[in-house]
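Next up, entry-v2.csv (CSV, C-alpha atoms and all ligand atoms):
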chain,number,residue,atom,x,y,z
A,18,MET,CA,116.8,-44.0,-65.5
A,19,ALA,CA,115.6,-47.6,-65.5
A,20,ASP,CA,117.4,-49.9,-63.0
A,21,GLN,CA,117.3,-53.4,-61.5
A,22,ASN,CA,116.9,-52.1,-57.9
A,23,PRO,CA,115.5,-48.6,-58.4
A,24,LEU,CA,114.9,-46.0,-55.8
A,25,LEU,CA,111.3,-45.5,-56.9
A,26,SER,CA,108.6,-48.0,-58.2
A,27,ILE,CA,105.3,-46.5,-59.4
A,28,ILE,CA,102.5,-49.1,-59.4
A,29,ILE,CA,99.4,-48.2,-61.4
A,30,PRO,CA,96.3,-50.4,-61.1
A,31,ALA,CA,94.4,-50.2,-64.4
A,32,HIS,CA,91.0,-51.4,-65.4
A,33,ASN,CA,89.6,-50.2,-68.8
A,34,GLU,CA,92.1,-47.4,-68.9
A,35,GLU,CA,93.0,-47.2,-72.6
A,36,SER,CA,92.0,-43.5,-72.8
A,37,ARG,CA,93.1,-42.2,-69.4
A,38,LEU,CA,96.4,-44.1,-69.1
A,39,PRO,CA,98.4,-42.8,-72.2
A,40,PRO,CA,98.3,-39.2,-71.1
A,41,SER,CA,99.1,-40.1,-67.6
A,42,LEU,CA,102.1,-42.2,-68.7
A,43,ALA,CA,103.3,-39.3,-70.9
A,44,LYS,CA,103.1,-37.0,-67.9
A,45,ILE,CA,104.9,-39.5,-65.6
A,46,ASP,CA,107.6,-40.0,-68.3
A,47,ALA,CA,108.2,-36.3,-68.7
A,48,PHE,CA,108.6,-35.9,-65.0
A,49,LEU,CA,110.8,-39.0,-64.4
A,50,LYS,CA,113.2,-37.8,-67.2
A,51,THR,CA,114.0,-34.8,-65.1
A,52,GLN,CA,114.8,-36.8,-62.0
A,53,THR,CA,118.3,-38.0,-61.0
A,54,TYR,CA,117.3,-41.2,-59.2
A,55,THR,CA,116.4,-44.6,-60.7
A,56,TYR,CA,112.9,-45.8,-61.2
A,57,GLU,CA,110.5,-48.3,-62.7
A,58,VAL,CA,106.7,-48.2,-63.5
A,59,ILE,CA,104.5,-51.2,-63.3
A,60,VAL,CA,100.9,-51.2,-64.7
A,61,VAL,CA,98.8,-54.0,-63.3
A,62,GLU,CA,95.7,-54.7,-65.4
A,63,ASN,CA,92.9,-57.1,-64.8
A,64,GLY,CA,89.5,-57.7,-66.4
A,65,SER,CA,89.6,-54.9,-69.0
A,66,ILE,CA,87.5,-55.2,-72.1
A,67,ASP,CA,89.3,-52.4,-73.9
A,68,ARG,CA,92.9,-52.1,-75.2
A,69,THR,CA,94.5,-51.1,-71.9
A,70,VAL,CA,97.2,-53.9,-72.2
A,71,GLU,CA,98.0,-53.1,-75.9
A,72,VAL,CA,98.4,-49.3,-75.3
A,73,CYS,CA,100.6,-50.0,-72.3
A,74,GLU,CA,102.7,-52.5,-74.2
A,75,ALA,CA,103.2,-50.1,-77.0
A,76,PHE,CA,104.4,-47.5,-74.5
A,77,ALA,CA,106.6,-50.1,-72.8
A,78,ALA,CA,108.3,-51.0,-76.1
A,79,GLU,CA,109.7,-47.4,-76.2
A,80,HIS,CA,110.2,-47.0,-72.4
A,81,PRO,CA,112.0,-50.0,-70.9
A,82,TYR,CA,111.3,-48.9,-67.3
A,83,LEU,CA,107.6,-49.8,-67.8
A,84,ARG,CA,106.3,-53.3,-67.2
A,85,VAL,CA,102.7,-54.5,-67.8
A,86,ILE,CA,101.3,-57.3,-65.7
A,87,GLU,CA,98.0,-59.0,-66.2
A,88,ALA,CA,96.4,-60.2,-63.0
A,89,ALA,CA,93.9,-63.1,-63.1
A,90,VAL,CA,91.0,-61.7,-61.1
A,91,ARG,CA,89.3,-58.3,-61.0
A,92,GLY,CA,89.8,-55.8,-58.2
A,93,LYS,CA,92.0,-52.8,-57.5
A,94,GLY,CA,93.2,-54.4,-54.2
A,95,LEU,CA,94.5,-57.5,-56.0
A,96,ALA,CA,96.2,-55.4,-58.7
A,97,VAL,CA,98.0,-53.3,-56.2
A,98,LYS,CA,99.1,-56.3,-54.2
A,99,VAL,CA,100.6,-58.0,-57.3
A,100,GLY,CA,102.3,-54.8,-58.4
A,101,MET,CA,103.8,-54.1,-54.9
A,102,LEU,CA,105.2,-57.6,-54.6
A,103,GLU,CA,106.6,-57.5,-58.1
A,104,ALA,CA,108.3,-54.1,-57.6
A,105,LYS,CA,111.9,-53.8,-56.7
A,106,GLY,CA,112.0,-50.2,-55.5
A,107,ALA,CA,113.2,-48.9,-52.2
A,108,TYR,CA,110.1,-46.7,-52.2
A,109,ARG,CA,106.9,-48.1,-53.8
A,110,PHE,CA,104.1,-45.7,-54.8
A,111,ILE,CA,100.5,-46.6,-55.7
A,112,CYS,CA,99.2,-44.2,-58.3
A,113,ASP,CA,95.7,-44.1,-59.9
A,114,ALA,CA,95.7,-44.2,-63.7
A,115,ASP,CA,93.8,-40.9,-63.9
A,116,LEU,CA,96.7,-39.2,-62.2
A,117,SER,CA,94.3,-37.0,-60.2
A,118,MET,CA,97.3,-35.7,-58.3
A,119,ALA,CA,100.2,-33.7,-60.0
A,120,ILE,CA,103.0,-36.2,-60.5
A,121,GLU,CA,105.5,-33.5,-59.3
A,122,ASP,CA,104.0,-33.8,-55.9
A,123,ILE,CA,105.6,-37.3,-55.6
A,124,VAL,CA,108.7,-35.6,-54.3
A,125,GLN,CA,106.9,-35.2,-51.0
A,126,PHE,CA,106.8,-39.0,-50.7
A,127,LEU,CA,110.5,-39.5,-51.3
A,128,PRO,CA,113.7,-38.7,-49.4
A,129,PRO,CA,114.3,-36.5,-47.5
A,130,TYR,CA,110.6,-36.3,-46.6
A,131,VAL,CA,110.3,-40.0,-45.8
A,132,GLU,CA,112.9,-39.9,-43.1
A,133,GLY,CA,111.3,-41.2,-39.9
A,134,TYR,CA,108.4,-42.8,-41.8
A,135,ASP,CA,107.6,-46.2,-43.3
A,136,ILE,CA,104.4,-45.2,-45.1
A,137,ILE,CA,103.2,-41.9,-46.5
A,138,ILE,CA,99.6,-41.5,-47.6
A,139,ALA,CA,98.2,-38.6,-49.6
A,140,SER,CA,95.2,-36.9,-47.9
A,141,ARG,CA,92.5,-34.9,-49.5
A,142,GLU,CA,91.4,-33.6,-46.1
A,143,GLY,CA,92.9,-31.2,-43.6
A,144,GLU,CA,95.0,-28.1,-43.8
A,145,GLY,CA,96.9,-27.7,-47.0
A,146,ALA,CA,94.7,-30.2,-48.9
A,147,ASN,CA,92.6,-29.2,-51.9
A,148,ARG,CA,89.8,-31.0,-53.7
A,149,VAL,CA,89.3,-29.5,-57.1
A,150,GLY,CA,85.9,-29.9,-58.9
A,151,GLU,CA,84.4,-32.5,-56.7
A,152,PRO,CA,80.6,-32.4,-56.5
A,153,TRP,CA,79.4,-31.9,-52.9
A,154,HIS,CA,77.4,-35.2,-52.8
A,155,ARG,CA,80.6,-37.2,-53.6
A,156,HIS,CA,82.5,-35.4,-50.9
A,157,PHE,CA,79.6,-36.0,-48.5
A,158,ILE,CA,79.5,-39.7,-49.2
A,159,GLY,CA,83.3,-39.8,-48.7
A,160,ARG,CA,83.0,-38.1,-45.3
A,161,ILE,CA,80.3,-40.6,-44.2
A,162,ASN,CA,82.6,-43.4,-45.3
A,163,ASN,CA,85.5,-41.9,-43.4
A,164,LEU,CA,83.4,-41.6,-40.2
A,165,ILE,CA,82.4,-45.3,-40.6
A,166,ILE,CA,86.1,-46.2,-41.1
A,167,LYS,CA,87.1,-44.3,-38.0
A,168,LEU,CA,84.4,-45.8,-35.8
A,169,THR,CA,84.9,-49.4,-37.0
A,170,ALA,CA,88.3,-49.9,-38.4
A,171,VAL,CA,91.2,-47.4,-38.0
A,172,ARG,CA,91.3,-44.1,-36.2
A,173,GLY,CA,93.3,-41.0,-37.0
A,174,PHE,CA,93.2,-40.9,-40.8
A,175,GLU,CA,91.1,-38.2,-42.4
A,176,ASP,CA,91.4,-39.9,-45.8
A,177,THR,CA,92.2,-43.6,-46.1
A,178,GLN,CA,90.8,-43.9,-49.7
A,179,CYS,CA,93.1,-41.6,-51.7
A,180,GLY,CA,94.8,-43.4,-54.6
A,181,PHE,CA,98.3,-42.2,-53.8
A,182,LYS,CA,100.3,-44.0,-51.1
A,183,MET,CA,104.0,-44.7,-50.6
A,184,PHE,CA,105.4,-47.8,-48.8
A,185,ASN,CA,109.1,-48.3,-48.2
A,186,GLN,CA,110.4,-51.7,-49.2
A,187,ARG,CA,110.2,-53.3,-45.8
A,188,ALA,CA,106.6,-52.2,-45.2
A,189,ALA,CA,105.6,-53.1,-48.7
A,190,GLU,CA,107.0,-56.7,-48.6
A,191,ASP,CA,105.6,-57.2,-45.1
A,192,LEU,CA,102.1,-55.8,-45.6
A,193,PHE,CA,101.2,-56.8,-49.1
A,194,GLU,CA,102.2,-60.4,-48.4
A,195,VAL,CA,99.4,-60.7,-45.9
A,196,GLN,CA,96.9,-58.4,-47.7
A,197,GLN,CA,93.6,-60.3,-48.3
A,198,MET,CA,91.1,-57.7,-49.6
A,199,ILE,CA,90.9,-57.4,-53.3
A,200,GLY,CA,88.2,-54.6,-53.4
A,201,ILE,CA,87.5,-51.2,-51.8
A,202,GLY,CA,88.7,-52.3,-48.3
A,203,PHE,CA,92.3,-52.9,-49.2
A,204,ASP,CA,93.5,-49.4,-48.2
A,205,ILE,CA,91.8,-49.8,-44.8
A,206,GLU,CA,93.2,-53.3,-44.4
A,207,LEU,CA,96.8,-52.1,-45.1
A,208,LEU,CA,96.5,-49.2,-42.6
A,209,PHE,CA,94.8,-51.5,-40.1
A,210,ILE,CA,97.7,-54.0,-40.2
A,211,ALA,CA,100.3,-51.2,-40.4
A,212,ARG,CA,99.0,-49.7,-37.2
A,213,LYS,CA,99.0,-53.1,-35.4
A,214,ARG,CA,102.6,-53.6,-36.5
A,215,GLY,CA,103.7,-50.2,-35.3
A,216,TYR,CA,104.7,-48.7,-38.7
A,217,ARG,CA,105.3,-45.0,-38.8
A,218,ILE,CA,102.7,-43.4,-41.1
A,219,LYS,CA,102.6,-39.8,-42.3
A,220,GLN,CA,99.7,-38.1,-44.0
A,221,VAL,CA,100.5,-35.6,-46.6
A,222,PRO,CA,97.9,-33.1,-47.8
A,223,ILE,CA,97.7,-32.8,-51.6
A,224,THR,CA,95.8,-31.0,-54.3
A,225,TRP,CA,93.5,-33.6,-55.9
A,226,TYR,CA,91.6,-33.1,-59.1
A,227,PHE,CA,88.2,-34.8,-59.3
A,228,ASP,CA,87.5,-36.9,-62.4
A,229,ALA,CA,83.8,-37.9,-62.9
A,230,ASP,CA,85.0,-40.9,-65.0
A,231,SER,CA,85.3,-43.6,-62.4
A,232,ARG,CA,85.9,-47.4,-62.2
A,233,MET,CA,84.5,-47.5,-58.7
A,234,ARG,CA,80.8,-47.8,-57.9
A,235,LEU,CA,79.6,-45.1,-55.5
A,236,VAL,CA,76.7,-46.9,-53.8
A,237,GLY,CA,77.8,-50.5,-54.3
A,238,ASP,CA,81.3,-49.9,-53.1
A,239,SER,CA,80.1,-48.0,-50.0
A,240,LEU,CA,78.0,-51.0,-49.0
A,241,ASN,CA,80.9,-53.3,-49.7
A,242,LEU,CA,82.9,-51.1,-47.3
A,243,LEU,CA,81.0,-52.4,-44.3
A,244,VAL,CA,81.3,-56.0,-45.4
A,245,GLU,CA,85.0,-55.6,-46.0
A,246,ILE,CA,85.6,-53.9,-42.6
A,247,TRP,CA,83.9,-56.8,-41.0
A,248,GLN,CA,86.1,-59.2,-43.0
A,249,ILE,CA,89.2,-57.3,-41.9
A,250,ARG,CA,88.3,-57.7,-38.3
A,251,ARG,CA,87.5,-61.3,-38.7
A,252,ASN,CA,90.8,-62.0,-40.5
A,253,TRP,CA,92.6,-60.2,-37.7
A,254,LEU,CA,90.9,-62.4,-35.1
A,255,ARG,CA,91.8,-65.5,-37.1
A,256,GLY,CA,95.5,-64.5,-37.1
A,257,MET,CA,95.6,-64.1,-40.9
A,258,TYR,CA,97.7,-60.9,-40.6
A,259,ALA,CA,100.5,-62.5,-38.6
A,260,PRO,CA,103.9,-61.7,-40.2
A,261,LYS,CA,105.0,-64.4,-42.6
A,262,SER,CA,108.2,-65.9,-41.3
A,263,LYS,CA,111.1,-65.3,-43.7
A,264,THR,CA,113.6,-67.0,-41.5
A,265,HIS,CA,113.5,-70.4,-43.3
A,266,SER,CA,114.7,-68.8,-46.5
A,267,HIS,CA,117.6,-67.0,-44.9
A,268,SER,CA,118.7,-68.9,-41.8
A,269,GLN,CA,119.1,-72.3,-43.2
A,270,PRO,CA,122.2,-72.4,-45.4
A,271,ALA,CA,122.1,-75.1,-48.0
A,272,SER,CA,124.2,-78.1,-46.8
B,301,LIG,N1,93.7,-53.5,-62.1
B,301,LIG,C1,92.6,-52.9,-61.7
B,301,LIG,N2,92.5,-51.6,-61.5
B,301,LIG,C2,91.3,-51.1,-61.1
B,301,LIG,C3,90.2,-51.9,-60.8
B,301,LIG,N3,89.1,-51.0,-60.4
B,301,LIG,C4,89.7,-49.8,-60.4
B,301,LIG,N4,91.0,-49.8,-60.8
B,301,LIG,C5,91.9,-48.7,-60.9
B,301,LIG,O1,91.9,-48.0,-59.7
B,301,LIG,C6,92.2,-46.6,-60.0
B,301,LIG,C7,91.2,-45.8,-59.3
B,301,LIG,O2,90.0,-45.8,-60.1
B,301,LIG,P1,89.1,-44.5,-60.4
B,301,LIG,O3,88.2,-44.9,-61.5
B,301,LIG,O4,90.0,-43.4,-60.7
B,301,LIG,O5,88.4,-44.4,-59.0
B,301,LIG,P2,88.0,-43.1,-58.2
B,301,LIG,O6,88.9,-42.0,-58.5
B,301,LIG,O7,88.1,-43.6,-56.8
B,301,LIG,O8,86.6,-42.9,-58.6
B,301,LIG,C8,92.3,-46.5,-61.5
B,301,LIG,O9,93.7,-46.6,-61.8
B,301,LIG,C9,91.5,-47.7,-62.0
B,301,LIG,O10,91.9,-48.1,-63.3
B,301,LIG,C10,90.3,-53.3,-61.1
B,301,LIG,O11,89.3,-54.1,-60.9
B,301,LIG,N5,91.5,-53.7,-61.5
B,302,MG,MG,89.9,-41.4,-60.0

Show me this structure written as structure tokens.
Amino acid sequence: MADQNPLLSIIIPAHNEESRLPPSLAKIDAFLKTQTYTYEVIVVENGSIDRTVEVCEAFAAEHPYLRVIEAAVRGKGLAVKVGMLEAKGAYRFICDADLSMAIEDIVQFLPPYVEGYDIIIASREGEGANRVGEPWHRHFIGRINNLIIKLTAVRGFEDTQCGFKMFNQRAAEDLFEVQQMIGIGFDIELLFIARKRGYRIKQVPITWYFDADSRMRLVGDSLNLLVEIWQIRRNWLRGMYAPKSKTHSHSQPAS
């Protein structure tokens, strides 16, 4: 069911996804049709040189709950920010285009499971989690990155980088408004700010299916990680994550 103010918004960042996205959209559609709540899906594309936009628009023509947005500059972080701020849902879910998690698992990110939490992040680590088909060296690099993240940015998360995360409306509007990172560091940045603001964050172990086809660069992005963590800490010290005041738009009635 499409709706103006849906319960669920699914935000899909997409860069050169003409082949991976259509089967994912079909799976999402088949699942959503079975649900009783309202929903919308937003694809945010930027910098693609393939027909990502065209294939999404063709799907949208038959499925009015889907919107396609083209963002100006490349970067998964920017795409997610644009989508999260465009979304109208009470619960807003980031979802990778390759749908490397079964869409049915999304129920664990919705009521009643969200009660008492503002943010729920999927985790490919810890009891109950499964990583299917991932080569050991990819996992190893991921663990090194996680160690770096724990030592330098945010503690307590075994997997900050999984592409499936839910934010309730308040957390989404608050955090994505101040998000600065457009690249690999955006997940860490969001969790970093969320912690500072006292949001309640739950980690949900999932079964995750490795897909060798990737839009991320293994070595380049790992180096960027350090640079971006440094930028996050610098932004924090400069006060760039201070909550944006909404009072002027609400407290001043038009005279
Ligand atoms: N809009 C947008 N999406 C991106 C960009 N880079 C990666 N993505 C998307 O981010 C998601 C994760 O990418 P993926 O290739 O699955 O990365 P991996 O699973 O971490 O290797 C996919 O939906 C990509 O299309 C980008 O620059 N812009
Ligand atoms: Mg992937």

### Task
Choose the residue, out of A:Ile137, A:Leu192, A:Leu95, A:Ala89, that has the smallest atom-to-atom separation from Tyr108 (chain A); count all atoms listed in the file.
A:Ile137

### Message
Calculated over all atoms listed in the file, which of the candidates A:Gly180, A:Gly215, A:Pro30, A:Gly256 has the smallest distance to ligand MG 302 (chain B)?
### Response
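Between A:Gly180, A:Gly215, A:Pro30, A:Gly256, the residue approaching ligand MG 302 (chain B) most closely is A:Gly180.
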
### Task
Please measure the separation of CA of Glu103 (chain A) and atom N5 of ligand LIG 301 (chain B), giving the value in Å to one decimal.
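Spanning CA of Glu103 (chain A) to atom N5 of ligand LIG 301 (chain B) is a straight-line distance of 15.9 Å.
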
Report as a JSON list (two decimals) with C-alpha atoms, in the coordinates of the input which protein, DNA and RNA residues come within 7 Å of ligand LIG 301 (chain B), using only C-alpha atoms and all ligand atoms.
[["chain", "number", "residue", "atom", "x", "y", "z"],
["A", 29, "ILE", "CA", 99.40, -48.20, -61.40],
["A", 30, "PRO", "CA", 96.30, -50.40, -61.10],
["A", 31, "ALA", "CA", 94.40, -50.20, -64.40],
["A", 32, "HIS", "CA", 91.00, -51.40, -65.40],
["A", 33, "ASN", "CA", 89.60, -50.20, -68.80],
["A", 34, "GLU", "CA", 92.10, -47.40, -68.90],
["A", 61, "VAL", "CA", 98.80, -54.00, -63.30],
["A", 62, "GLU", "CA", 95.70, -54.70, -65.40],
["A", 63, "ASN", "CA", 92.90, -57.10, -64.80],
["A", 64, "GLY", "CA", 89.50, -57.70, -66.40],
["A", 91, "ARG", "CA", 89.30, -58.30, -61.00],
["A", 92, "GLY", "CA", 89.80, -55.80, -58.20],
["A", 93, "LYS", "CA", 92.00, -52.80, -57.50],
["A", 96, "ALA", "CA", 96.20, -55.40, -58.70],
["A", 112, "CYS", "CA", 99.20, -44.20, -58.30],
["A", 113, "ASP", "CA", 95.70, -44.10, -59.90],
["A", 114, "ALA", "CA", 95.70, -44.20, -63.70],
["A", 115, "ASP", "CA", 93.80, -40.90, -63.90],
["A", 180, "GLY", "CA", 94.80, -43.40, -54.60],
["A", 228, "ASP", "CA", 87.50, -36.90, -62.40],
["A", 230, "ASP", "CA", 85.00, -40.90, -65.00],
["A", 231, "SER", "CA", 85.30, -43.60, -62.40],
["A", 232, "ARG", "CA", 85.90, -47.40, -62.20],
["A", 233, "MET", "CA", 84.50, -47.50, -58.70]]

### Message
Around the point (106.9, -37.2, -55.0) (coordinates from the file), which residues reach within 12 Å if we count all atoms listed in the file? Answer as an MDAnalysis selection string.
### Response
chainID A and resid 24:27 45 48:49 52 54 108:112 118:131 137:139 181:183 221 223
